[in-house]
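Dumped coords_22.txt below, it's compact mmCIF, C-alpha atoms and all ligand atoms:
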# COMPACT_ATOMS: atom_id res chain seq x y z
CA MET A 491 -16.38 10.44 14.31
CA THR A 492 -18.28 7.18 14.24
CA GLN A 493 -17.63 4.85 17.14
CA ASP A 494 -17.45 1.08 17.19
CA ASN A 495 -20.38 -0.43 19.09
CA GLY A 496 -19.37 -1.03 22.66
CA SER A 497 -15.74 0.00 22.33
CA ASN A 498 -13.83 3.23 22.47
CA LEU A 499 -12.07 2.49 19.22
CA LEU A 500 -12.78 4.62 16.18
CA LYS A 501 -14.18 2.76 13.22
CA ALA A 502 -11.40 2.09 10.74
CA THR A 503 -11.56 3.42 7.20
CA ASN A 504 -11.96 0.43 4.88
CA GLU A 505 -8.93 -0.65 2.96
CA ASP A 506 -9.62 -0.61 -0.76
CA THR A 507 -7.85 -1.78 -3.86
CA SER A 508 -5.05 0.38 -5.23
CA GLY A 509 -6.59 -0.24 -8.65
CA PRO A 510 -4.38 -0.71 -11.71
CA PHE A 511 -3.07 2.86 -11.84
CA PHE A 512 -0.89 3.44 -8.79
CA PRO A 513 1.26 6.28 -10.15
CA ILE A 514 4.60 5.14 -11.51
CA TYR A 515 5.40 8.83 -10.97
CA PHE A 516 5.62 8.14 -7.20
CA GLN A 517 8.45 5.65 -7.64
CA ASP A 518 11.65 6.25 -5.70
CA GLU A 519 14.67 4.34 -6.99
CA SER A 520 16.44 4.61 -3.65
CA LEU A 521 13.69 2.41 -2.19
CA GLU A 522 14.29 -0.29 -4.83
CA ASP A 523 17.96 -0.78 -3.97
CA LEU A 524 18.74 -0.40 -0.28
CA THR A 525 22.45 -1.10 -0.85
CA VAL A 526 22.90 2.31 -2.46
CA LEU A 527 22.47 5.48 -0.42
CA GLY A 528 21.87 7.83 -3.32
CA PRO A 529 23.65 9.43 -6.24
CA GLY A 530 27.21 10.46 -5.40
CA ILE A 531 27.08 9.52 -1.75
CA VAL A 532 30.03 7.65 -0.22
CA GLY A 533 28.93 5.02 2.25
CA ALA A 534 26.94 1.80 2.36
CA PRO A 535 24.98 -0.31 4.81
CA SER A 536 26.88 -3.28 6.23
CA GLY A 537 25.92 -6.77 5.24
CA GLN A 538 25.88 -9.28 2.43
CA HIS A 539 24.27 -7.86 -0.69
CA ILE A 540 21.34 -9.94 -1.87
CA ILE A 541 18.85 -9.72 -4.70
CA LEU A 542 15.39 -11.03 -3.95
CA CYS A 543 13.55 -11.60 -7.19
CA GLY A 544 10.77 -13.58 -8.77
CA ARG A 545 7.26 -13.31 -10.11
CA VAL A 546 3.90 -12.40 -8.66
CA LEU A 547 1.32 -14.76 -10.16
CA ASP A 548 -2.46 -14.93 -10.20
CA ARG A 549 -4.82 -17.89 -9.83
CA HIS A 550 -4.17 -19.02 -13.41
CA GLY A 551 -0.39 -18.80 -13.15
CA ASN A 552 -0.28 -15.56 -15.15
CA LEU A 553 1.90 -12.65 -14.12
CA ALA A 554 0.01 -10.13 -12.00
CA ASN A 555 0.75 -6.86 -13.72
CA GLY A 556 0.87 -3.54 -11.92
CA VAL A 557 1.75 -4.75 -8.42
CA LEU A 558 3.06 -2.46 -5.71
CA MET A 559 5.38 -4.27 -3.29
CA GLU A 560 6.79 -3.03 -0.02
CA PHE A 561 9.55 -4.63 2.02
CA TRP A 562 10.51 -4.38 5.67
CA GLN A 563 13.49 -6.02 7.30
CA ALA A 564 16.09 -5.87 10.04
CA ASN A 565 19.65 -4.76 9.33
CA ALA A 566 22.59 -7.16 9.08
CA LYS A 567 22.75 -7.38 12.88
CA GLY A 568 19.06 -8.25 13.19
CA ILE A 569 17.97 -4.83 14.46
CA TYR A 570 14.86 -3.15 13.05
CA ASN A 571 14.87 0.60 12.56
CA SER A 572 11.68 0.97 14.59
CA PRO A 573 10.92 3.63 17.24
CA ASP A 574 11.46 1.04 19.99
CA ASN A 575 15.08 0.65 18.91
CA LEU A 576 15.89 4.35 18.84
CA GLY A 577 19.51 4.75 19.96
CA HIS A 578 20.26 1.02 19.81
CA PRO A 579 24.04 0.57 19.40
CA ASP A 580 23.58 -1.96 16.60
CA LEU A 581 21.38 0.26 14.43
CA ASP A 582 22.98 0.87 11.05
CA PRO A 583 22.71 4.57 10.21
CA TRP A 584 22.87 3.72 6.52
CA PHE A 585 19.99 1.26 6.56
CA ASN A 586 16.29 2.01 7.08
CA GLY A 587 15.02 -1.42 6.10
CA TYR A 588 11.99 -0.15 4.15
CA GLY A 589 11.76 -0.69 0.42
CA ARG A 590 9.10 -0.20 -2.21
CA LEU A 591 8.73 -0.87 -5.91
CA ARG A 592 6.02 -1.08 -8.51
CA SER A 593 6.30 -3.80 -11.11
CA ALA A 594 4.52 -3.22 -14.40
CA SER A 595 4.88 -6.84 -15.54
CA GLY A 596 4.54 -8.73 -12.25
CA GLU A 597 8.23 -9.67 -12.20
CA TYR A 598 10.12 -8.06 -9.36
CA LYS A 599 13.69 -7.49 -8.25
CA PHE A 600 14.58 -5.99 -4.88
CA CYS A 601 18.22 -5.25 -4.01
CA THR A 602 19.06 -5.23 -0.32
CA ILE A 603 21.26 -6.86 2.29
CA MET A 604 20.71 -10.17 4.05
CA PRO A 605 18.78 -9.38 7.24
CA GLY A 606 20.27 -10.67 10.46
CA ALA A 607 18.39 -13.00 12.78
CA SER A 608 16.46 -11.01 15.38
CA ASP A 609 15.37 -12.47 18.74
CA ASN A 610 14.26 -16.02 18.02
CA ARG A 611 13.43 -15.35 14.38
CA ALA A 612 15.12 -16.67 11.27
CA PRO A 613 16.25 -13.93 8.84
CA ASN A 614 13.14 -12.71 7.03
CA ILE A 615 11.64 -9.87 5.07
CA THR A 616 8.02 -8.74 5.47
CA ILE A 617 6.35 -8.26 2.10
CA THR A 618 3.27 -6.07 1.68
CA LEU A 619 1.43 -6.43 -1.61
CA PHE A 620 -1.06 -4.08 -3.25
CA SER A 621 -2.65 -4.49 -6.68
CA ASP A 622 -5.82 -4.15 -8.62
CA GLY A 623 -8.52 -6.54 -7.40
CA ILE A 624 -7.22 -6.86 -3.83
CA SER A 625 -6.59 -4.75 -0.79
CA ARG A 626 -3.31 -4.94 1.15
CA ILE A 627 -2.00 -8.46 1.88
CA VAL A 628 1.13 -9.36 3.84
CA THR A 629 3.53 -12.26 4.26
CA GLN A 630 7.15 -12.96 5.21
CA VAL A 631 9.88 -14.48 3.09
CA PHE A 632 12.74 -16.62 4.45
CA PHE A 633 16.04 -17.77 2.93
CA GLU A 634 17.07 -21.28 1.94
CA GLY A 635 19.88 -22.81 3.95
CA HIS A 636 19.43 -20.94 7.23
CA LYS A 637 19.52 -23.24 10.22
CA ALA A 638 17.19 -20.89 12.12
CA ASN A 639 14.40 -21.67 9.63
CA GLU A 640 13.84 -24.91 11.54
CA THR A 641 12.93 -23.10 14.74
CA ASP A 642 11.28 -19.94 13.39
CA PRO A 643 7.84 -19.47 15.00
CA VAL A 644 6.17 -18.26 11.80
CA LEU A 645 7.48 -21.16 9.72
CA LYS A 646 6.67 -23.59 12.52
CA SER A 647 3.06 -22.39 12.52
CA LEU A 648 2.70 -23.66 8.94
CA GLY A 649 2.56 -27.09 7.32
CA THR A 650 5.56 -28.32 5.31
CA ASP A 651 4.09 -27.35 1.94
CA ASP A 652 3.32 -23.84 3.09
CA GLN A 653 6.77 -23.46 4.65
CA ALA A 654 8.34 -24.22 1.29
CA ARG A 655 6.19 -21.52 -0.31
CA LEU A 656 7.82 -18.89 1.90
CA ILE A 657 11.46 -19.95 1.59
CA ALA A 658 13.34 -18.22 -1.23
CA ARG A 659 15.66 -20.54 -3.16
CA HIS A 660 19.30 -19.65 -3.56
CA GLY A 661 20.06 -19.01 -7.22
CA GLY A 662 23.78 -18.28 -7.45
CA HIS A 663 25.32 -14.84 -7.31
CA THR A 664 26.00 -11.85 -9.50
CA ASP A 665 29.43 -10.81 -10.79
CA GLY A 666 29.29 -8.04 -8.21
CA GLY A 667 29.01 -10.57 -5.39
CA ALA A 668 25.33 -10.26 -4.53
CA GLU A 669 23.64 -13.53 -3.61
CA ILE A 670 20.49 -14.17 -5.61
CA TYR A 671 17.32 -15.51 -3.99
CA LEU A 672 14.25 -16.50 -5.94
CA LEU A 673 10.67 -16.48 -4.73
CA ASP A 674 7.45 -16.57 -6.70
CA ILE A 675 4.42 -15.22 -4.89
CA VAL A 676 1.18 -16.92 -5.87
CA MET A 677 -1.76 -14.70 -4.94
CA ALA A 678 -4.44 -17.36 -5.30
CA GLY A 679 -5.00 -20.94 -6.34
CA ALA A 680 -3.53 -24.39 -5.83
CA ASN A 681 -0.01 -23.28 -4.99
CA GLU A 682 -1.15 -20.22 -3.06
CA THR A 683 1.38 -18.38 -0.92
CA PRO A 684 0.37 -18.21 2.75
CA PHE A 685 -0.68 -14.68 3.69
CA PHE A 686 -1.11 -13.38 7.22
CA ASP A 687 -3.72 -11.37 9.07
CA ASP A 688 -2.07 -8.43 10.80
CA PHE A 689 -5.46 -6.99 11.78
CA GLU A 690 -6.70 -9.86 13.89
CA SER A 691 -3.39 -11.30 15.08
CA MET B 213 -0.66 -25.43 14.41
CA THR B 214 -1.96 -22.99 11.85
CA GLN B 215 -4.63 -20.67 13.13
CA PHE B 216 -6.81 -18.70 10.82
CA GLY B 217 -7.90 -15.09 10.59
CA ARG B 218 -10.07 -13.35 8.03
CA GLN B 219 -11.26 -14.91 4.79
CA LEU B 220 -10.93 -12.22 2.11
CA GLY B 221 -13.93 -11.62 -0.13
CA ILE B 222 -13.98 -11.56 -3.92
CA GLY B 223 -15.52 -8.46 -5.48
CA PRO B 224 -18.62 -9.41 -7.51
CA THR B 225 -18.19 -8.82 -11.27
CA ASP B 226 -14.51 -7.99 -10.72
CA ASN B 227 -12.40 -10.36 -12.83
CA THR B 228 -9.13 -9.16 -11.37
CA SER B 229 -10.41 -9.72 -7.86
CA ASP B 230 -11.33 -13.26 -8.89
CA GLN B 231 -7.86 -13.86 -10.29
CA ARG B 232 -5.93 -12.36 -7.39
CA THR B 233 -7.80 -12.80 -4.12
CA PRO B 234 -6.27 -15.47 -1.86
CA ARG B 235 -8.71 -18.36 -1.47
CA LYS B 236 -7.34 -19.67 1.79
CA PRO B 237 -8.10 -17.80 4.99
CA LEU B 238 -5.32 -15.55 6.21
CA ARG B 239 -3.07 -17.12 8.85
CA LEU B 240 -2.75 -15.65 12.31
CA ILE B 241 0.72 -14.42 13.21
CA PRO B 242 2.22 -16.20 16.24
CA SER B 243 2.42 -13.61 19.02
CA VAL B 244 6.21 -13.89 19.45
CA ALA B 245 6.59 -12.87 15.80
CA ARG B 246 3.94 -10.14 15.82
CA GLU B 247 6.26 -7.19 16.27
CA SER B 248 8.45 -8.10 13.31
CA PHE B 249 5.37 -7.83 11.06
CA VAL B 250 5.12 -4.09 11.62
CA PRO B 251 6.81 -2.13 8.83
CA VAL B 252 7.91 1.38 9.74
CA VAL B 253 8.07 3.82 6.87
CA PRO B 254 10.88 6.30 7.36
CA ALA B 255 9.77 9.91 6.89
CA ARG B 256 11.44 10.80 3.64
CA TYR B 257 9.40 12.49 0.98
CA VAL B 258 10.12 14.13 -2.29
CA MET B 259 7.47 16.48 -3.59
CA ARG B 260 6.93 19.85 -5.19
CA THR B 261 5.39 22.66 -3.19
CA HIS B 262 2.29 23.00 -5.37
CA GLU B 263 1.26 19.37 -5.27
CA TRP B 264 -1.57 20.07 -2.78
CA ASP B 265 -3.36 21.92 -5.63
CA MET B 266 -4.11 19.31 -8.25
CA THR B 267 -6.70 21.49 -9.97
CA ARG B 268 -3.87 22.80 -12.21
CA ILE B 269 -0.62 21.25 -13.34
CA ALA B 270 1.51 24.14 -12.03
CA PRO B 271 0.94 27.45 -10.27
CA GLY B 272 -0.44 30.09 -12.64
CA ARG B 273 -1.66 27.54 -15.18
CA PRO B 274 -5.34 27.27 -16.16
CA ARG B 275 -7.51 24.87 -14.28
CA GLY B 276 -8.47 21.47 -15.63
CA ASP B 277 -11.96 20.77 -17.02
CA GLY B 278 -14.69 20.02 -14.51
CA THR B 279 -15.46 20.92 -10.92
CA PRO B 280 -12.64 22.04 -8.61
CA ILE B 281 -13.06 20.53 -5.14
CA GLU B 282 -11.34 20.58 -1.76
CA VAL B 283 -10.80 17.41 0.25
CA LYS B 284 -9.68 17.64 3.84
CA GLY B 285 -9.71 15.58 6.98
CA THR B 286 -7.81 14.25 9.94
CA LEU B 287 -5.69 11.11 9.98
CA ARG B 288 -5.89 9.08 13.18
CA ASN B 289 -5.34 5.57 14.43
CA GLU B 290 -8.13 3.57 16.07
CA ASN B 291 -7.31 5.00 19.49
CA GLY B 292 -7.99 8.47 18.11
CA THR B 293 -4.36 9.55 18.17
CA PRO B 294 -3.56 11.88 15.27
CA ILE B 295 -0.92 10.57 12.87
CA ARG B 296 1.37 13.48 12.09
CA ASP B 297 3.97 13.80 9.30
CA ALA B 298 2.29 11.03 7.32
CA LEU B 299 2.63 10.99 3.56
CA ILE B 300 -0.63 10.91 1.61
CA GLU B 301 -0.23 10.05 -2.05
CA ILE B 302 -3.28 10.96 -4.11
CA TRP B 303 -4.36 10.01 -7.60
CA ASN B 304 -7.63 10.43 -9.45
CA ALA B 305 -9.02 10.33 -12.97
CA ASN B 306 -9.72 13.59 -14.78
CA HIS B 307 -13.17 15.02 -15.43
CA HIS B 308 -13.57 12.61 -18.36
CA GLY B 309 -12.59 9.52 -16.36
CA ARG B 310 -9.05 9.15 -17.72
CA TYR B 311 -5.82 8.69 -15.78
CA ARG B 312 -2.57 10.20 -16.98
CA HIS B 313 -1.05 6.72 -16.63
CA VAL B 314 0.72 4.83 -19.39
CA GLU B 315 -1.34 1.70 -18.67
CA ASP B 316 -4.75 3.42 -18.90
CA ALA B 317 -5.92 2.18 -22.31
CA SER B 318 -9.49 3.47 -22.00
CA GLY B 319 -9.05 5.93 -24.85
CA LEU B 320 -10.96 8.56 -22.85
CA GLN B 321 -9.95 12.18 -23.26
CA LEU B 322 -6.81 13.51 -21.61
CA ASP B 323 -6.95 17.04 -20.21
CA GLU B 324 -3.89 19.13 -20.92
CA ASN B 325 -4.52 21.08 -17.74
CA PHE B 326 -4.88 18.13 -15.38
CA PHE B 327 -2.11 15.92 -13.98
CA GLY B 328 -4.07 13.87 -11.45
CA MET B 329 -1.27 12.96 -9.02
CA GLY B 330 -0.23 14.79 -5.88
CA ARG B 331 1.28 14.36 -2.42
CA VAL B 332 0.58 16.06 0.89
CA VAL B 333 1.87 15.53 4.42
CA THR B 334 -0.29 15.62 7.57
CA ASP B 335 0.39 18.44 10.02
CA GLU B 336 1.07 18.32 13.79
CA ASP B 337 -2.57 17.46 14.47
CA GLY B 338 -2.92 14.87 11.71
CA ASN B 339 -4.79 17.24 9.38
CA TYR B 340 -4.44 17.22 5.63
CA CYS B 341 -5.99 19.19 2.79
CA PHE B 342 -5.75 19.15 -0.99
CA TRP B 343 -7.58 20.46 -4.05
CA THR B 344 -8.34 18.43 -7.13
CA ILE B 345 -10.82 18.17 -9.97
CA SER B 346 -13.86 16.06 -9.25
CA PRO B 347 -13.11 12.80 -11.09
CA GLY B 348 -15.30 11.33 -13.80
CA ALA B 349 -16.81 7.87 -13.44
CA TYR B 350 -15.52 5.37 -15.97
CA LEU B 351 -16.84 2.21 -17.58
CA ALA B 352 -14.87 -0.64 -16.00
CA ARG B 353 -16.75 -3.55 -17.60
CA PRO B 354 -18.12 -2.48 -21.00
CA ASP B 355 -19.40 -6.04 -21.57
CA ILE B 356 -21.88 -5.82 -18.68
CA GLY B 357 -22.16 -2.04 -18.48
CA ARG B 358 -20.62 -1.76 -15.01
CA TRP B 359 -19.09 1.60 -14.10
CA ARG B 360 -16.58 2.52 -11.46
CA PRO B 361 -18.18 5.31 -9.46
CA LYS B 362 -16.34 8.60 -9.01
CA HIS B 363 -13.48 8.03 -6.57
CA ILE B 364 -10.16 9.41 -5.40
CA HIS B 365 -7.32 7.04 -4.47
CA LEU B 366 -5.38 7.78 -1.29
CA SER B 367 -2.27 5.98 -0.07
CA VAL B 368 -1.33 6.74 3.52
CA SER B 369 2.04 5.90 5.06
CA GLY B 370 3.32 7.27 8.31
CA GLY B 371 5.30 5.49 10.99
CA SER B 372 3.73 2.06 11.29
CA ALA B 373 0.41 3.14 9.76
CA ARG B 374 -0.23 1.94 6.21
CA LEU B 375 -3.44 2.19 4.28
CA ILE B 376 -4.50 2.37 0.68
CA THR B 377 -8.12 3.37 0.29
CA GLN B 378 -10.53 5.33 -1.92
CA MET B 379 -12.83 8.23 -1.15
CA TYR B 380 -16.21 7.95 -2.85
CA PHE B 381 -18.90 10.62 -3.36
CA PRO B 382 -22.39 10.71 -1.83
CA ASP B 383 -25.47 9.65 -3.81
CA GLU B 384 -23.59 8.52 -6.89
CA PRO B 385 -25.68 6.16 -9.06
CA ASN B 386 -22.82 3.68 -9.49
CA ASN B 387 -21.89 3.34 -5.83
CA ALA B 388 -24.30 0.46 -5.19
CA SER B 389 -22.90 -1.81 -7.92
CA ASP B 390 -19.22 -1.26 -7.18
CA PRO B 391 -17.52 -4.56 -6.28
CA MET B 392 -15.33 -3.09 -3.53
CA ALA B 393 -18.27 -1.10 -2.10
CA ILE B 394 -20.31 -4.31 -2.01
CA LEU B 395 -17.51 -6.02 -0.08
CA MET B 396 -17.48 -3.16 2.45
CA GLY B 397 -21.22 -3.57 3.11
CA ASP B 398 -22.60 -1.01 5.58
CA GLY B 399 -19.04 0.14 6.23
CA PHE B 400 -19.02 1.75 2.78
CA GLU B 401 -20.55 4.87 4.42
CA ASN B 402 -17.16 5.39 6.05
CA ASN B 403 -15.47 5.76 2.68
CA ILE B 404 -17.77 8.52 1.42
CA GLY B 405 -16.65 12.15 1.68
CA LYS B 406 -19.01 14.41 3.66
CA PRO B 407 -19.95 17.60 1.73
CA TYR B 408 -19.35 21.02 3.22
CA GLU B 409 -19.89 24.61 2.17
CA THR B 410 -17.01 26.26 0.29
CA SER B 411 -18.45 29.66 -0.64
CA ASP B 412 -15.39 31.35 0.92
CA LEU B 413 -12.94 29.22 -1.08
CA ASP B 414 -11.78 29.15 -4.68
CA VAL B 415 -13.34 25.71 -5.20
CA ASP B 416 -16.93 24.69 -5.92
CA GLU B 417 -17.36 21.75 -3.54
CA GLY B 418 -15.75 20.50 -0.33
CA TYR B 419 -15.60 16.96 1.09
CA ARG B 420 -14.49 16.03 4.56
CA PHE B 421 -12.76 12.65 4.64
CA ASP B 422 -11.46 11.68 8.07
CA ILE B 423 -9.22 8.64 7.83
CA VAL B 424 -8.76 6.07 10.57
CA VAL B 425 -5.98 3.56 10.06
CA GLY B 426 -7.14 0.33 11.67
CA GLY B 427 -5.35 -2.68 13.09
CA ARG B 428 -2.61 -3.02 15.65
CA ASN B 429 0.19 -2.00 13.30
CA ALA B 430 -0.90 1.62 13.46
CA THR B 431 -0.82 1.69 17.25
CA PHE B 432 2.21 -0.52 17.82
CA PHE B 433 4.73 2.21 18.45
CA GLU B 434 2.29 4.79 19.82
FE FE C 701 -9.36 4.38 -9.97
Render the structure in this file as structure tokens.
Amino acid sequence: MTQDNGSNLLKATNEDTSGPFFPIYFQDESLEDLTVLGPGIVGAPSGQHIILCGRVLDRHGNLANGVLMEFWQANAKGIYNSPDNLGHPDLDPWFNGYGRLRSASGEYKFCTIMPGASDNRAPNITITLFSDGISRIVTQVFFEGHKANETDPVLKSLGTDDQARLIARHGGHTDGGAEIYLLDIVMAGANETPFFDDFES
Amino acid sequence: MTQFGRQLGIGPTDNTSDQRTPRKPLRLIPSVARESFVPVVPARYVMRTHEWDMTRIAPGRPRGDGTPIEVKGTLRNENGTPIRDALIEIWNANHHGRYRHVEDASGLQLDENFFGMGRVVTDEDGNYCFWTISPGAYLARPDIGRWRPKHIHLSVSGGSARLITQMYFPDEPNNASDPMAILMGDGFENNIGKPYETSDLDVDEGYRFDIVVGGRNATFFE
């Protein structure tokens, strides 16, 4: 294996673009709606059902077709299903918190539950984005109307304009009682969404 | 105060990269929020038992056109720890450069004996292995005659490790002009499979592709 100069770390394989043809064949509907356990299964995660939806846009305001999106969030009590929380009493056995979808058009719709506030964070969902032309980029989305947004360390690290670009707007609710939240993600350009560096942070 | 990390590069001659690459530098994540930025992919995979052999669409079927190859390697994080039970999703174009994907409008020839998509899981020691047909290069920018060199896409998810990358082939004429290869600079070497002898195997060529998932995410819950 090649070694980094002067460190014991292995040299990382370069991230590369997913290209336009990430197989639709690999899709898993149970990762697109985390409120449903699977066909014919009785049971559900606790929490308020929400639908996070919107558009992924490019530098010219056009829909970014063929995007792969992944989601990561805490359960309704603010607990992440991570190895550190193994055996935590507030883990929800019916909620992993990981979602994934591929949007052909660039419009997306992710069905889940409202994450709880964890530690000193406002409720949020980590979004990982892959598409042709870029390698992996990440950000976090927040929800309009939460008092904790005012004190969240990620939001506080941003200017007011950038904060607004990460806060999903409330857009009513469905007949089934799910609250709708709307967020457009702008990959590049004037109204660009703030993205984060999880390599160097 | 916003603090900045990497500035992402735009792939030369890649229109999509120009349209989609964030222009502002990435923001650093405040340390108190760092842990919540680490997605953990639960180990739950659906696959068929023959998916490691992509040289044919099902056991007992004829092989696809072109050169059958083996690709194998070890998946590790930067500390050298093997990443076991990780899902590797693989896709590559057929011998003629065509994907069996509804959005591939190239018009290149489909191969009735090649599917081009498969999944494998790393073993206890982080090892993986699959067979496929050596992919064809394809013309990505007909207007300027720029080709995409032969490549295999790999998507790795296991625990908190997440990587989408491509394995390239040594000494390919189109490697040097590839926009993503140009962005990788000298590091491109790392994304090239290393040939090995396969005379004892039912494939014509072998490529070793060890994968190291970088960044703190992959070591967070080590
Ligand atoms: Fe490709």
Can you check which parts of chain A lie within 10 Å of ligand FE 701 (chain C)? Per residue, the shortest pair of atoms and distance in Å to one decimal, counting only C-alpha atoms and all ligand atoms, sorted by chain and number, as a Markdown table.
| residue | atom | partner | partner_atom | distance |
| --- | --- | --- | --- | --- |
| A:Thr507 | CA | C:FE701 | FE | 8.8 |
| A:Ser508 | CA | C:FE701 | FE | 7.6 |
| A:Gly509 | CA | C:FE701 | FE | 5.5 |
| A:Pro510 | CA | C:FE701 | FE | 7.3 |
| A:Phe511 | CA | C:FE701 | FE | 6.7 |
| A:Phe512 | CA | C:FE701 | FE | 8.6 |
| A:Asp622 | CA | C:FE701 | FE | 9.3 |
Please check the contacts: residues of chain B at most 6 Å away from chain A, using only C-alpha atoms, listed as a short mmCIF file (atom, residue, chain, number, x, y, z; two decimals) with C-alpha atoms, in the coordinates of the input.
data_model
loop_
_atom_site.label_atom_id
_atom_site.label_comp_id
_atom_site.auth_asym_id
_atom_site.auth_seq_id
_atom_site.Cartn_x
_atom_site.Cartn_y
_atom_site.Cartn_z
CA MET B 213 -0.66 -25.43 14.41
CA THR B 214 -1.96 -22.99 11.85
CA GLY B 217 -7.90 -15.09 10.59
CA THR B 228 -9.13 -9.16 -11.37
CA SER B 229 -10.41 -9.72 -7.86
CA GLN B 231 -7.86 -13.86 -10.29
CA ARG B 232 -5.93 -12.36 -7.39
CA THR B 233 -7.80 -12.80 -4.12
CA PRO B 234 -6.27 -15.47 -1.86
CA ARG B 235 -8.71 -18.36 -1.47
CA LEU B 238 -5.32 -15.55 6.21
CA ARG B 239 -3.07 -17.12 8.85
CA LEU B 240 -2.75 -15.65 12.31
CA ILE B 241 0.72 -14.42 13.21
CA PRO B 251 6.81 -2.13 8.83
CA GLU B 290 -8.13 3.57 16.07
CA ASN B 291 -7.31 5.00 19.49
CA ILE B 376 -4.50 2.37 0.68
CA THR B 377 -8.12 3.37 0.29
CA ILE B 423 -9.22 8.64 7.83
CA VAL B 424 -8.76 6.07 10.57
CA VAL B 425 -5.98 3.56 10.06
CA GLY B 426 -7.14 0.33 11.67
CA GLY B 427 -5.35 -2.68 13.09
#
### Task
For a cut-off of 9 Å around (8.2, -22.3, 2.5), file coordinates, pick out all residues using all atoms listed in the file and list them as a list in words.
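The distance filter leaves exactly Val631, Phe632, Glu634, Leu645, Leu648, Gly649, Thr650, Asp651, Asp652, Gln653, Ala654, Arg655, Leu656, Ile657, Ala658, Thr683 and Pro684 of chain A.
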### Message
Which residue is closest to Gly568 (chain A)? Choose from A:Leu672, A:Gly537, A:Gly596, A:Cys543 and count all atoms listed in the file.
### Response
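When distances to Gly568 (chain A) are compared using all atoms listed in the file, the smallest one comes from A:Gly537.
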### Nearest-residue call for Arg256 (chain B), choices B:Leu299, B:Ser411, B:Pro382, B:His308, using only C-alpha atoms
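Closest to Arg256 (chain B) of all the choices is B:Leu299.
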### Residues near region 264-267 of chain B, cut-off 12 Å, only C-alpha atoms, skip fewer than 6 positions along chain, as a PyMOL selection string
chain B and resi 273-284+299-307+323-334+340-347+364+414-416
Keeping only C-alpha atoms, write those residues as a PDB file, keeping the file's coordinate frame.
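part_3.pdb was written with the following content:
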ATOM      1  CA  ARG B 273      -1.660  27.540 -15.180  1.00  0.00           C
ATOM      2  CA  PRO B 274      -5.340  27.270 -16.160  1.00  0.00           C
ATOM      3  CA  ARG B 275      -7.510  24.870 -14.280  1.00  0.00           C
ATOM      4  CA  GLY B 276      -8.470  21.470 -15.630  1.00  0.00           C
ATOM      5  CA  ASP B 277     -11.960  20.770 -17.020  1.00  0.00           C
ATOM      6  CA  GLY B 278     -14.690  20.020 -14.510  1.00  0.00           C
ATOM      7  CA  THR B 279     -15.460  20.920 -10.920  1.00  0.00           C
ATOM      8  CA  PRO B 280     -12.640  22.040  -8.610  1.00  0.00           C
ATOM      9  CA  ILE B 281     -13.060  20.530  -5.140  1.00  0.00           C
ATOM     10  CA  GLU B 282     -11.340  20.580  -1.760  1.00  0.00           C
ATOM     11  CA  VAL B 283     -10.800  17.410   0.250  1.00  0.00           C
ATOM     12  CA  LYS B 284      -9.680  17.640   3.840  1.00  0.00           C
ATOM     13  CA  LEU B 299       2.630  10.990   3.560  1.00  0.00           C
ATOM     14  CA  ILE B 300      -0.630  10.910   1.610  1.00  0.00           C
ATOM     15  CA  GLU B 301      -0.230  10.050  -2.050  1.00  0.00           C
ATOM     16  CA  ILE B 302      -3.280  10.960  -4.110  1.00  0.00           C
ATOM     17  CA  TRP B 303      -4.360  10.010  -7.600  1.00  0.00           C
ATOM     18  CA  ASN B 304      -7.630  10.430  -9.450  1.00  0.00           C
ATOM     19  CA  ALA B 305      -9.020  10.330 -12.970  1.00  0.00           C
ATOM     20  CA  ASN B 306      -9.720  13.590 -14.780  1.00  0.00           C
ATOM     21  CA  HIS B 307     -13.170  15.020 -15.430  1.00  0.00           C
ATOM     22  CA  ASP B 323      -6.950  17.040 -20.210  1.00  0.00           C
ATOM     23  CA  GLU B 324      -3.890  19.130 -20.920  1.00  0.00           C
ATOM     24  CA  ASN B 325      -4.520  21.080 -17.740  1.00  0.00           C
ATOM     25  CA  PHE B 326      -4.880  18.130 -15.380  1.00  0.00           C
ATOM     26  CA  PHE B 327      -2.110  15.920 -13.980  1.00  0.00           C
ATOM     27  CA  GLY B 328      -4.070  13.870 -11.450  1.00  0.00           C
ATOM     28  CA  MET B 329      -1.270  12.960  -9.020  1.00  0.00           C
ATOM     29  CA  GLY B 330      -0.230  14.790  -5.880  1.00  0.00           C
ATOM     30  CA  ARG B 331       1.280  14.360  -2.420  1.00  0.00           C
ATOM     31  CA  VAL B 332       0.580  16.060   0.890  1.00  0.00           C
ATOM     32  CA  VAL B 333       1.870  15.530   4.420  1.00  0.00           C
ATOM     33  CA  THR B 334      -0.290  15.620   7.570  1.00  0.00           C
ATOM     34  CA  TYR B 340      -4.440  17.220   5.630  1.00  0.00           C
ATOM     35  CA  CYS B 341      -5.990  19.190   2.790  1.00  0.00           C
ATOM     36  CA  PHE B 342      -5.750  19.150  -0.990  1.00  0.00           C
ATOM     37  CA  TRP B 343      -7.580  20.460  -4.050  1.00  0.00           C
ATOM     38  CA  THR B 344      -8.340  18.430  -7.130  1.00  0.00           C
ATOM     39  CA  ILE B 345     -10.820  18.170  -9.970  1.00  0.00           C
ATOM     40  CA  SER B 346     -13.860  16.060  -9.250  1.00  0.00           C
ATOM     41  CA  PRO B 347     -13.110  12.800 -11.090  1.00  0.00           C
ATOM     42  CA  ILE B 364     -10.160   9.410  -5.400  1.00  0.00           C
ATOM     43  CA  ASP B 414     -11.780  29.150  -4.680  1.00  0.00           C
ATOM     44  CA  VAL B 415     -13.340  25.710  -5.200  1.00  0.00           C
ATOM     45  CA  ASP B 416     -16.930  24.690  -5.920  1.00  0.00           C
TER      46      ASP B 416
END
